[in-house]
$ cat target27.cif   # mmCIF, C-alpha atoms
data_structure
loop_
_atom_site.label_atom_id
_atom_site.label_comp_id
_atom_site.auth_asym_id
_atom_site.auth_seq_id
_atom_site.Cartn_x
_atom_site.Cartn_y
_atom_site.Cartn_z
CA MET A 1 96.33 126.35 164.49
CA ASN A 2 95.27 126.68 160.85
CA LYS A 3 94.74 129.96 159.05
CA LYS A 4 90.95 129.72 159.38
CA GLY A 5 91.20 129.45 163.16
CA GLU A 6 93.65 132.34 163.34
CA SER A 7 91.27 134.49 161.29
CA LYS A 8 88.35 133.85 163.68
CA LEU A 9 90.53 134.65 166.71
CA THR A 10 91.65 137.91 165.11
CA ILE A 11 88.03 138.91 164.46
CA VAL A 12 87.02 138.15 168.07
CA ILE A 13 89.95 140.14 169.47
CA THR A 14 89.18 143.05 167.14
CA VAL A 15 85.48 143.11 168.11
CA PHE A 16 86.39 142.88 171.79
CA ALA A 17 88.88 145.74 171.43
CA ILE A 18 86.26 147.87 169.65
CA LEU A 19 83.76 147.21 172.45
CA ILE A 20 86.32 148.25 175.07
CA ILE A 21 87.08 151.44 173.13
CA LEU A 22 83.36 152.24 172.85
CA VAL A 23 82.78 151.66 176.58
CA LEU A 24 85.77 153.80 177.54
CA SER A 25 84.64 156.55 175.14
CA PHE A 26 81.14 156.51 176.64
CA LEU A 27 82.48 156.68 180.20
CA PHE A 28 84.83 159.53 179.30
CA TYR A 29 81.99 161.48 177.64
CA TYR A 30 79.60 160.83 180.56
CA TYR A 31 81.97 162.04 183.26
CA ALA A 32 83.15 165.01 181.17
CA VAL A 33 79.56 166.23 180.65
CA LYS A 34 78.71 165.66 184.32
CA SER A 35 81.79 167.60 185.42
CA MET A 36 80.90 170.52 183.13
CA SER A 37 77.33 170.53 184.41
CA PHE A 38 78.50 170.59 188.03
CA SER A 39 80.97 173.36 187.27
CA ARG A 40 78.27 175.49 185.65
CA SER A 41 75.86 174.84 188.51
CA GLU A 42 78.50 175.72 191.09
CA THR A 43 79.47 178.87 189.19
CA ALA A 44 75.84 179.95 188.92
CA SER A 45 75.35 179.30 192.61
CA LEU A 46 78.42 181.29 193.56
CA SER A 47 77.46 184.04 191.14
CA GLY A 48 73.99 184.23 192.67
CA TYR A 49 75.47 184.35 196.15
CA ALA A 50 77.85 187.14 195.16
CA ASP A 51 75.04 189.04 193.46
CA ASN A 52 72.78 188.75 196.51
CA ALA A 53 75.62 189.73 198.80
CA GLY A 54 76.34 192.73 196.60
CA ARG A 55 72.70 193.76 196.66
CA LYS A 56 72.55 193.44 200.44
CA GLU A 57 75.71 195.50 200.75
CA SER A 58 74.37 198.11 198.33
CA ALA A 59 71.07 198.20 200.19
CA GLY A 60 72.99 199.13 203.34
CA LEU A 61 74.76 202.03 201.65
CA ARG A 62 72.15 204.63 202.56
CA THR A 63 72.13 207.68 204.78
CA ASN A 64 70.32 206.95 208.04
CA VAL A 65 67.36 209.32 208.40
CA ILE A 66 66.34 209.27 212.07
CA ILE A 67 63.16 210.84 213.41
CA PHE A 68 64.33 211.72 216.90
CA LYS A 69 62.30 210.76 219.96
CA PRO A 70 63.21 211.37 223.61
CA SER A 71 64.27 208.22 225.41
CA GLU A 72 61.49 206.31 227.16
CA VAL A 73 63.49 206.33 230.38
CA LEU A 74 63.97 210.02 231.12
CA PRO A 75 67.28 211.22 232.62
CA GLN A 76 67.42 212.12 236.29
CA GLN A 77 69.31 215.37 235.79
CA GLN A 78 66.84 218.25 235.89
CA LYS A 79 67.28 222.00 235.52
CA GLU A 80 64.85 224.87 235.88
CA GLY A 81 64.19 227.18 232.96
CA TYR A 82 61.69 228.05 230.26
CA CYS A 83 61.14 227.84 226.50
CA PHE A 84 60.52 231.10 224.70
CA SER A 85 59.95 230.10 221.05
CA THR A 86 59.60 227.29 218.57
CA SER A 87 62.93 225.63 217.76
CA VAL A 88 65.20 227.41 215.29
CA ALA A 89 67.35 224.30 214.85
CA ASP A 90 64.32 222.14 213.98
CA PRO A 91 61.56 224.53 212.84
CA PHE A 92 59.49 221.80 211.17
CA ARG A 93 58.43 219.99 214.36
CA GLN A 94 55.71 221.32 216.61
CA ASP A 95 57.14 219.48 219.64
CA ALA A 96 60.58 221.15 219.38
CA PHE A 97 61.38 224.36 221.28
CA ARG A 98 64.15 226.84 221.98
CA CYS A 99 64.74 226.96 225.72
CA GLN A 100 66.86 228.80 228.26
CA VAL A 101 68.44 227.87 231.59
CA GLU A 102 69.96 230.92 233.31
CA ASN A 103 72.09 232.49 230.52
CA GLU A 104 72.44 229.36 228.38
CA ILE A 105 70.22 228.48 225.42
CA PHE A 106 69.42 224.93 224.32
CA ASP A 107 67.86 224.19 220.95
CA PRO A 108 66.09 221.92 220.23
CA CYS A 109 64.40 220.59 223.36
CA PHE A 110 61.43 218.26 222.95
CA THR A 111 58.18 217.88 224.84
CA THR A 112 57.63 214.73 226.88
CA GLU A 113 54.59 212.89 228.21
CA GLU A 114 55.19 214.62 231.53
CA GLN A 115 53.50 218.01 231.52
CA GLY A 116 55.83 220.92 232.19
CA ILE A 117 58.96 218.90 231.34
CA VAL A 118 61.06 219.09 228.14
CA PHE A 119 63.92 216.81 227.09
CA CYS A 120 67.23 218.26 225.85
CA GLN A 121 70.08 216.33 224.22
CA ILE A 122 72.42 218.46 222.16
CA ASN A 123 74.27 215.46 220.70
CA PRO A 124 72.00 212.42 220.15
CA LEU A 125 75.08 210.17 219.93
CA ALA A 126 76.30 211.17 223.37
CA PRO A 127 74.77 209.88 226.62
CA GLU A 128 74.48 213.36 228.14
CA ALA A 129 70.86 214.50 228.31
CA PHE A 130 68.78 216.41 230.83
CA LEU A 131 65.30 217.70 231.55
CA ILE A 132 64.11 221.26 231.96
CA LYS A 133 61.36 221.83 234.47
CA LEU A 134 59.45 224.72 232.95
CA GLU A 135 58.91 227.86 234.98
CA LYS A 136 56.47 229.15 232.34
CA PRO A 137 53.97 227.48 229.98
CA LEU A 138 55.29 226.53 226.56
CA PRO A 139 54.79 229.19 223.88
CA LYS A 140 52.33 228.49 221.10
CA ALA A 141 54.05 226.52 218.35
CA SER A 142 54.52 228.63 215.22
CA LEU A 143 55.63 226.35 212.41
CA LEU A 144 56.89 227.49 209.03
CA GLU A 145 54.35 227.48 206.22
CA PHE A 146 56.46 225.03 204.21
CA THR A 147 58.27 221.79 204.94
CA GLN A 148 61.83 220.89 204.02
CA ASP A 149 62.76 217.21 203.82
CA ASN A 150 66.48 217.90 203.52
CA TRP A 151 66.74 219.66 206.88
CA ALA A 152 68.21 218.14 210.05
CA TRP A 153 68.98 219.41 213.54
CA PHE A 154 72.01 217.12 213.84
CA VAL A 155 74.25 215.69 211.11
CA LYS A 156 77.00 213.08 211.19
CA LEU A 157 79.27 213.15 208.14
CA GLU A 158 81.07 210.18 206.63
CA ASP A 159 84.35 211.33 208.23
CA LYS A 160 82.59 211.36 211.67
CA THR A 161 82.41 215.16 211.84
CA TYR A 162 79.31 216.38 213.73
CA CYS A 163 77.32 219.39 212.55
CA SER A 164 74.21 221.29 213.65
CA PRO A 165 72.33 224.30 212.25
CA PHE A 166 73.40 227.82 213.06
CA THR A 167 70.72 229.33 215.30
CA GLY A 168 72.42 232.71 215.70
CA THR A 169 75.15 234.59 213.85
CA ARG A 170 76.66 232.81 210.84
CA PRO A 171 80.24 233.35 209.63
CA PHE A 172 80.25 235.67 206.61
CA PHE A 173 82.57 234.72 203.73
CA SER A 174 80.64 235.23 200.48
CA GLN A 175 77.61 237.06 199.10
CA ASP A 176 76.56 233.98 197.13
CA GLN A 177 77.24 231.20 199.62
CA ILE A 178 75.47 230.67 202.94
CA ALA A 179 76.60 228.34 205.70
CA TYR A 180 73.54 226.75 207.30
CA TYR A 181 75.42 224.31 209.55
CA GLY A 182 78.40 224.67 211.84
CA CYS A 183 80.59 221.64 212.60
CA LYS A 184 82.98 220.66 215.35
CA SER A 185 86.56 221.72 214.64
CA ASN A 186 89.67 220.76 216.59
CA ASN A 187 91.52 223.84 215.32
CA ILE A 188 90.51 227.07 217.08
CA GLU A 189 91.83 229.10 214.12
CA GLU A 190 89.47 227.38 211.66
CA GLN A 191 85.73 226.89 211.29
CA ILE A 192 84.08 223.95 209.56
CA VAL A 193 80.72 224.65 207.94
CA LEU A 194 78.25 223.07 205.53
CA ILE A 195 77.43 225.43 202.67
CA GLY A 196 73.95 225.45 201.17
CA ASP A 197 71.28 222.79 201.61
CA LEU A 198 71.86 219.11 202.25
CA MET A 199 71.42 217.13 199.02
CA ILE A 200 69.07 214.15 199.20
CA ASP A 201 69.75 210.84 197.47
CA ASP A 202 70.16 207.26 198.68
CA ILE A 203 73.34 208.66 200.17
CA TRP A 204 72.92 212.30 201.19
CA THR A 205 75.77 214.71 200.52
CA ALA A 206 76.83 218.16 201.70
CA ASN A 207 79.33 220.83 200.71
CA LYS A 208 81.83 220.91 203.56
CA ALA A 209 84.12 223.94 203.82
CA VAL A 210 87.03 224.79 206.09
CA LEU A 211 87.18 228.53 206.81
CA ILE A 212 90.14 230.59 207.97
CA LYS A 213 90.13 234.14 209.29
CA GLU A 214 91.38 236.87 206.94
CA LYS A 215 91.26 240.31 208.56
CA ASP A 216 87.62 240.82 209.59
CA ASN A 217 86.09 238.12 207.38
CA TRP A 218 86.28 234.40 206.83
CA ALA A 219 87.68 232.83 203.65
CA ILE A 220 87.35 229.32 202.27
CA LYS A 221 90.55 227.34 202.74
CA PHE A 222 89.20 224.02 201.49
CA LEU A 223 85.90 222.89 199.96
CA GLU A 224 84.69 219.37 199.21
CA GLN A 225 81.47 217.44 198.67
CA ILE A 226 81.18 214.79 201.35
CA LYS A 227 78.80 211.91 202.05
CA ILE A 228 76.48 212.06 205.05
CA ASP A 229 76.30 209.06 207.37
CA SER A 230 73.22 210.01 209.42
CA VAL A 231 70.77 212.86 209.96
CA TRP A 232 68.42 213.51 212.87
CA GLN A 233 65.16 215.30 212.16
#
$ encode --input "target27.cif" --output "structure tokens"
Amino acid sequence: MNKKGESKLTIVITVFAILIILVLSFLFYYYAVKSMSFSRSETASLSGYADNAGRKESAGLRTNVIIFKPSEVLPQQQKEGYCFSTSVADPFRQDAFRCQVENEIFDPCFTTEEQGIVFCQINPLAPEAFLIKLEKPLPKASLLEFTQDNWAWFVKLEDKTYCSPFTGTRPFFSQDQIAYYGCKSNNIEEQIVLIGDLMIDDIWTANKAVLIKEKDNWAIKFLEQIKIDSVWQ
């Protein structure tokens, strides 16, 4: 082959090689861009999912505020007694009363659709409930002149402690601090109370105190602010 023929062959090979390089470069660029686009789309999708999930979770982080109603199917257990005043535990409802059976007081008990029958359930989370067949007509409801949104007749704290308002004598431990709620305690030498009013927010809180006996008075052993899981009004 002469030099002229070799020169033409070299040019053809060079052009062909350049075309191959251009095609490969284009394919590399195309798939790289597509991969980046998919990655961004997937990240955005996952981010949106996480954000929505977070919002749903946050939306569930609220204190349950329950307006209590007697069960539609009334319990069969029935006692005889009477109601002598509006409820002290729930003084903001005209259908709530303070009632007595023999020497035992129940507060609150709620009116039902059956005349002369009230419904009592001291712990709304427990199945135990009963009716009182009234021996006397209900007293005239005497509501307070103001309303209080942060009041409840039953409270469940975040740590599953149950509390209800004092309707009689409160433990005295300070001139400046008042315990409005008493809570269940497993230690007979201690009292658990909620000091002051319940504090309303998306998540309600309360000042929970553990009291111990010192001579004739009670003293605060431990005090903390705690979240409230649910309230019944």
$ closest_residue --input "target27.cif" --among "A:Asn187, A:Thr169, A:Gln76, A:Ser164" --to "Ala89 in chain A" --atoms "only C-alpha atoms"
A:Ser164
$ residues_around --input "target27.cif" --residues "Glu158 in chain A" --least-positions-apart "6" --cutoff "9 Å" --atoms "all atoms listed in the file" --output "VMD selection string"
chain A and resid 226 to 230
$ atom_distance --input "target27.cif" --atom1 "CA of Asp176 in chain A" --atom2 "CA of Phe154 in chain A"
24.2 Å
$ resolve_selection --input "target27.cif" --expression "the PyMOL selection byres ((chain A and resi 98-115) around 7)" --output "PDB file with C-alpha atoms, keeping the file's coordinate frame"
ATOM      1  CA  GLU A  80      64.850 224.870 235.880  1.00  0.00           C
ATOM      2  CA  GLY A  81      64.190 227.180 232.960  1.00  0.00           C
ATOM      3  CA  TYR A  82      61.690 228.050 230.260  1.00  0.00           C
ATOM      4  CA  CYS A  83      61.140 227.840 226.500  1.00  0.00           C
ATOM      5  CA  PHE A  84      60.520 231.100 224.700  1.00  0.00           C
ATOM      6  CA  SER A  85      59.950 230.100 221.050  1.00  0.00           C
ATOM      7  CA  THR A  86      59.600 227.290 218.570  1.00  0.00           C
ATOM      8  CA  SER A  87      62.930 225.630 217.760  1.00  0.00           C
ATOM      9  CA  VAL A  88      65.200 227.410 215.290  1.00  0.00           C
ATOM     10  CA  ALA A  89      67.350 224.300 214.850  1.00  0.00           C
ATOM     11  CA  ASP A  90      64.320 222.140 213.980  1.00  0.00           C
ATOM     12  CA  ASP A  95      57.140 219.480 219.640  1.00  0.00           C
ATOM     13  CA  ALA A  96      60.580 221.150 219.380  1.00  0.00           C
ATOM     14  CA  PHE A  97      61.380 224.360 221.280  1.00  0.00           C
ATOM     15  CA  GLY A 116      55.830 220.920 232.190  1.00  0.00           C
ATOM     16  CA  ILE A 117      58.960 218.900 231.340  1.00  0.00           C
ATOM     17  CA  VAL A 118      61.060 219.090 228.140  1.00  0.00           C
ATOM     18  CA  PHE A 119      63.920 216.810 227.090  1.00  0.00           C
ATOM     19  CA  CYS A 120      67.230 218.260 225.850  1.00  0.00           C
TER      20      CYS A 120
END
$ resolve_selection --input "target27.cif" --expression "the PyMOL selection byres ((chain A and resi 92) around 8)" --output "PDB file with C-alpha atoms, in the frame of the given file"
ATOM      1  CA  ASP A  90      64.320 222.140 213.980  1.00  0.00           C
ATOM      2  CA  PRO A  91      61.560 224.530 212.840  1.00  0.00           C
ATOM      3  CA  ARG A  93      58.430 219.990 214.360  1.00  0.00           C
ATOM      4  CA  GLN A  94      55.710 221.320 216.610  1.00  0.00           C
ATOM      5  CA  LEU A 143      55.630 226.350 212.410  1.00  0.00           C
ATOM      6  CA  LEU A 144      56.890 227.490 209.030  1.00  0.00           C
ATOM      7  CA  THR A 147      58.270 221.790 204.940  1.00  0.00           C
ATOM      8  CA  GLN A 148      61.830 220.890 204.020  1.00  0.00           C
TER       9      GLN A 148
END
$ resolve_selection --input "target27.cif" --expression "the PyMOL selection byres ((chain A and resi 157) around 10)" --output "CSV table (one decimal) with C-alpha atoms, keeping the file's coordinate frame"
chain,number,residue,atom,x,y,z
A,63,THR,CA,72.1,207.7,204.8
A,155,VAL,CA,74.2,215.7,211.1
A,156,LYS,CA,77.0,213.1,211.2
A,158,GLU,CA,81.1,210.2,206.6
A,159,ASP,CA,84.4,211.3,208.2
A,160,LYS,CA,82.6,211.4,211.7
A,161,THR,CA,82.4,215.2,211.8
A,162,TYR,CA,79.3,216.4,213.7
A,163,CYS,CA,77.3,219.4,212.6
A,183,CYS,CA,80.6,221.6,212.6
A,204,TRP,CA,72.9,212.3,201.2
A,205,THR,CA,75.8,214.7,200.5
A,206,ALA,CA,76.8,218.2,201.7
A,208,LYS,CA,81.8,220.9,203.6
A,226,ILE,CA,81.2,214.8,201.4
A,227,LYS,CA,78.8,211.9,202.0
A,228,ILE,CA,76.5,212.1,205.0
A,229,ASP,CA,76.3,209.1,207.4
A,230,SER,CA,73.2,210.0,209.4
A,231,VAL,CA,70.8,212.9,210.0
$ residues_around --input "target27.cif" --residues "Val193 in chain A" --least-positions-apart "2" --cutoff "9 Å" --atoms "all atoms listed in the file" --output "MDAnalysis selection string"
chainID A and resid 163 171 179:184 191 195 207:211
$ atom_distance --input "target27.cif" --atom1 "CA of Pro137 in chain A" --atom2 "CA of Ile122 in chain A"
22.0 Å
$ atom_distance --input "target27.cif" --atom1 "CA of Glu214 in chain A" --atom2 "CA of Leu194 in chain A"
19.1 Å
$ residues_around --input "target27.cif" --residues "Ile66 in chain A" --least-positions-apart "2" --cutoff "7 Å" --atoms "all atoms listed in the file" --output "list in words"
Asn64, Phe68, Val231, Trp232 and Gln233 of chain A
$ residues_around --input "target27.cif" --residues "Pro75 in chain A" --least-positions-apart "5" --cutoff "8 Å" --atoms "all atoms listed in the file" --output "ChimeraX atom specification"
/A:129-131
$ residues_around --input "target27.cif" --residues "Gln175 in chain A" --least-positions-apart "5" --cutoff "12 Å" --atoms "all atoms listed in the file" --output "ChimeraX atom specification"
/A:217-219
